[in-house]
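Trainee: The structure under discussion is supplied below as structure tokens; questions concerning it will follow.
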Amino acid sequence: MASRTVCSGAVLGALVPALLAGPAQAVHHRPGTAAPDALPAPDTAALGTLLRTALKHGAPGAMARIDDHRASYDDHATVYKAMEGVADRGTGDWISTADRFRIGSVTKTFSAVVLLQLAAEGRVRLDDPVNRYLPGLLPDDRITVRHVLSHRSGLYDHTNELFAGTVSGFEAVRTKVFTYRQLLALSLEHPRTQAPGASYAYSNTNFVVVGLLIEKLTGHPVRTAYENRVIKPLKLSDTFYVHPATTIPGRHARGYLTPDEAASAPVDATEQTMSWAQSAGALISSTRDLNTFFSALLGGQLLPPAQLDQMERWIPAGTGQAYGLGLRRRDLSCGVSVYGHTGAVQGYYTYAFTSKDGRRSMAALANTSNNGAVQLTMLRTLESAFCGKQTKARGAAHLPGTATENDLAQ
């Protein structure tokens, strides 16, 4: 199947750029960042090859969208759209960058933005104990708001137990509805993994606590906070928090969970409550909306400078990467660093990253999961999008560890 790109509604047989409307609002150059023309042009041929490789490794479909604002600071971008394979194994419908999908842990950046907006309003202080705002919630008064945002709380990841069995664990929770406190209780059944503030240790439970903080501080469900503070201001028409509903509204790619047994058929995991994740991973979005979101965030439009600076206080988080407050930095082979988050949820792998100034963003998806070869292939799309033909084979994008569902996309 040839690579496809949409250009003014036409389907073309090769990857070519189309001048289309970009984010809902202009992305302004941030002081101290690289010049807009510092990035090499995306290597769209290599990007198409990677998407086809993902299909060879078992993904039903794969796609990527690049929004490049190098030419001007207005609200127009050169948009590259690459698509391979199908959105639905049953109907054979081709995957499209217009499709919505579950973004998994990319949700964490949305949650962090909301909490940092509340910090900017003086409603929470990052170095205060969580228990100051939620008395008695955590067994250690030393755990601060900053610790949960940066995965340094030491709270055991409650998803480890839920998904010890890849398919059986998923089937056991796909229709369940949990409260935040029930999820936290699953974590607190286990000893803490380290002292608060010791080092980075990824745990979805941290962002369960973030959800509790948001609801306590605003007096509203997290859905309302996402909508009023991010989705509506940026006009993100494909982004939804539907928990505990199980369906993805509108046109969407179906997601397929790969069983651990090689001979077993993929499990259609599209419908689920996502209640086991909630503010750690339950949002639905599209490649366009994710590019808009991260361009606006790194472009300085969602947070005041002081809070964005806090978000970008990096700690080591594995080979070639660092973590801030709900935001990941990946260091690519060409010397460029990109900023965003990854998302792995049953049936979907998402990579959504932008340049330091928010001027070039890429969101990529494969509609499968529990497949380390596909996950590593999709990670490498960052090299094609931001390094272009300067990508170095040696040292190109590493994937730490073995990909499993309970990683929820570290």
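To be explicit about the labels: the chains of the structure tokens are called A, B, and onward in the order shown, and within each one the residues are counted from 1, while ligands get numbers from 1 in the order they are shown.
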With a distance cut-off of 10 Å and only C-alpha atoms, select the neighbouring residues of region 333-341 of chain A, excluding the residue or stretch itself and same-chain residues fewer than 3 positions from it, and output the selection as an MDAnalysis selection string.

Mentor: chainID A and resid 34 38:40 103:109 290:291 293:295 297:298 312 320:324 326:330 350:358 360:363 382:383 386:398 409:410

Trainee: Within 10 Å of Ala245 (chain A), counting only C-alpha atoms, which residues qualify if same-chain residues fewer than 6 places away don't, as a ChimeraX atom specification?

Mentor: /A:175,177,271-275

Trainee: Per residue of region 57-116 of chain A within 8 Å of region 202-217 of chain A, which atom pair is closest and at what distance in Å (one decimal), using only C-alpha atoms, listed by chain and increasing number, as CSV?

Mentor:
residue,atom,partner,partner_atom,distance
A:Lys108,CA,A:Phe207,CA,6.7
A:Ser111,CA,A:Val210,CA,7.1
A:Ala112,CA,A:Val210,CA,7.6
A:Val114,CA,A:Ile214,CA,7.4
A:Leu115,CA,A:Ile214,CA,6.3

Trainee: Run DSSP on the backbone and grab whatever in region 148-337 of chain A lands in helix (DSSP H, G or I); send it over as a PyMOL selection string.

Mentor: chain A and resi 148-149+159-162+166-173+180-188+204-218+222-231+278-280+287-298+305-311

Trainee: From the DSSP assignment of the backbone, select every residue of region 72-194 of chain A that is strand (DSSP E), and format the answer as a list in words.

Mentor: His76, Ala77, Thr78, Val79, Tyr80, Lys81, Ala82, Met83, Glu84, Gly85, Phe101 and Arg102 of chain A

Trainee: Deliver the residues from the most recent selection as a file, using all heavy atoms, as a compact mmCIF listing (two decimals), in the first residue's frame.

Mentor:
# COMPACT_ATOMS: atom_id res chain seq x y z
N HIS A 76 -0.82 29.70 10.04
CA HIS A 76 -0.75 28.73 8.97
C HIS A 76 0.52 27.90 9.10
O HIS A 76 1.55 28.40 9.54
CB HIS A 76 -0.79 29.42 7.60
CG HIS A 76 -2.14 29.99 7.27
ND1 HIS A 76 -2.57 31.20 7.79
CD2 HIS A 76 -3.16 29.51 6.52
CE1 HIS A 76 -3.80 31.45 7.35
NE2 HIS A 76 -4.17 30.44 6.59
N ALA A 77 0.42 26.65 8.69
CA ALA A 77 1.55 25.75 8.78
C ALA A 77 1.62 24.89 7.53
O ALA A 77 0.62 24.66 6.85
CB ALA A 77 1.42 24.85 10.01
N THR A 78 2.82 24.43 7.20
CA THR A 78 2.95 23.38 6.21
C THR A 78 2.66 22.06 6.92
O THR A 78 3.29 21.76 7.94
CB THR A 78 4.37 23.36 5.62
OG1 THR A 78 4.65 24.63 5.06
CG2 THR A 78 4.49 22.28 4.56
N VAL A 79 1.70 21.34 6.41
CA VAL A 79 1.23 20.13 7.08
C VAL A 79 1.55 18.91 6.22
O VAL A 79 1.21 18.85 5.05
CB VAL A 79 -0.29 20.20 7.35
CG1 VAL A 79 -0.77 18.92 8.02
CG2 VAL A 79 -0.61 21.40 8.20
N TYR A 80 2.23 17.94 6.84
CA TYR A 80 2.51 16.67 6.20
C TYR A 80 1.66 15.60 6.87
O TYR A 80 1.66 15.49 8.10
CB TYR A 80 3.99 16.30 6.37
CG TYR A 80 4.97 17.33 5.87
CD1 TYR A 80 5.35 18.40 6.69
CD2 TYR A 80 5.53 17.23 4.60
CE1 TYR A 80 6.26 19.34 6.25
CE2 TYR A 80 6.45 18.18 4.15
CZ TYR A 80 6.81 19.23 4.98
OH TYR A 80 7.71 20.17 4.55
N LYS A 81 0.96 14.80 6.06
CA LYS A 81 0.11 13.73 6.61
C LYS A 81 0.48 12.42 5.94
O LYS A 81 0.33 12.29 4.72
CB LYS A 81 -1.37 14.02 6.36
CG LYS A 81 -1.88 15.33 6.94
CD LYS A 81 -3.36 15.48 6.58
CE LYS A 81 -3.93 16.79 7.08
NZ LYS A 81 -5.36 16.93 6.71
N ALA A 82 0.94 11.47 6.71
CA ALA A 82 1.31 10.15 6.20
C ALA A 82 0.43 9.09 6.84
O ALA A 82 0.23 9.11 8.05
CB ALA A 82 2.77 9.87 6.49
N MET A 83 -0.07 8.16 6.04
CA MET A 83 -1.00 7.14 6.52
C MET A 83 -0.73 5.80 5.85
O MET A 83 -0.50 5.76 4.64
CB MET A 83 -2.44 7.56 6.23
CG MET A 83 -2.87 8.84 6.93
SD MET A 83 -4.22 9.72 6.07
CE MET A 83 -3.27 10.63 4.84
N GLU A 84 -0.76 4.74 6.62
CA GLU A 84 -0.57 3.38 6.09
C GLU A 84 -1.55 2.44 6.79
O GLU A 84 -1.77 2.54 7.99
CB GLU A 84 0.86 2.89 6.36
CG GLU A 84 1.94 3.60 5.61
CD GLU A 84 1.99 3.23 4.14
OE1 GLU A 84 1.36 2.22 3.75
OE2 GLU A 84 2.66 3.95 3.38
N GLY A 85 -2.13 1.52 6.04
CA GLY A 85 -2.93 0.46 6.65
C GLY A 85 -4.36 0.88 6.96
O GLY A 85 -4.89 1.84 6.41
N PHE A 101 -8.57 8.80 18.48
CA PHE A 101 -8.00 7.60 19.10
C PHE A 101 -7.73 7.89 20.57
O PHE A 101 -7.73 9.05 21.00
CB PHE A 101 -6.72 7.15 18.39
CG PHE A 101 -5.71 8.25 18.18
CD1 PHE A 101 -4.75 8.54 19.14
CD2 PHE A 101 -5.74 9.01 17.02
CE1 PHE A 101 -3.82 9.54 18.95
CE2 PHE A 101 -4.81 10.03 16.82
CZ PHE A 101 -3.85 10.31 17.78
N ARG A 102 -7.48 6.84 21.33
CA ARG A 102 -7.15 6.98 22.75
C ARG A 102 -5.67 7.34 22.87
O ARG A 102 -4.82 6.64 22.31
CB ARG A 102 -7.47 5.70 23.52
CG ARG A 102 -8.96 5.32 23.47
CD ARG A 102 -9.28 4.22 24.44
NE ARG A 102 -10.67 3.79 24.30
CZ ARG A 102 -11.72 4.42 24.83
NH1 ARG A 102 -11.51 5.52 25.56
NH2 ARG A 102 -12.95 3.96 24.67

Trainee: Near region 155-165 of chain A, counting only C-alpha atoms, which residues have an atom at most 8 Å away, once you skip same-chain residues fewer than 4 positions from it, shown as a count of residues only?

Mentor: 21

Trainee: Rounded to one decimal in Å, what is the spacing between CA of Thr270 (chain A) and CA of Gly255 (chain A)?

Mentor: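 The value is 4.9 Å.
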
Trainee: One decimal, in Å: what's the spacing between CA of Ala385 (chain A) and CA of Arg65 (chain A)?

Mentor: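 Separating CA of Ala385 (chain A) from CA of Arg65 (chain A) is a distance of 9.3 Å.
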
Trainee: Looking at only C-alpha atoms, which of A:Val242, A:Val222, A:Val345, A:Ala46 is the one that sits closest to Tyr256 (chain A)?

Mentor: A:Val345

Trainee: For Arg380 (chain A), which of A:Val145, A:Val230, A:Leu332, A:Ala45 is the closest residue, counting only C-alpha atoms?

Mentor: A:Leu332

Trainee: Taking into account only C-alpha atoms, which residue in the set A:Thr218, A:Gln310, A:Thr258, A:Gln117 is nearest to Asn370 (chain A)?

Mentor: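 For Asn370 (chain A), the nearest of the candidates is A:Thr258.
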
Trainee: Between A:Pro221, A:Thr247, A:Asp309, A:Ala87, which one has atoms that come closest to Gln278 (chain A), using only C-alpha atoms?

Mentor: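 Among the listed residues, the smallest separation from Gln278 (chain A) belongs to A:Pro221.
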
Trainee: Can you measure CA of Gln307 (chain A) to CA of Asp141 (chain A) for me? One decimal in Å is fine.

Mentor: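 Interatomic distance, CA of Gln307 (chain A) to CA of Asp141 (chain A): 23.6 Å.
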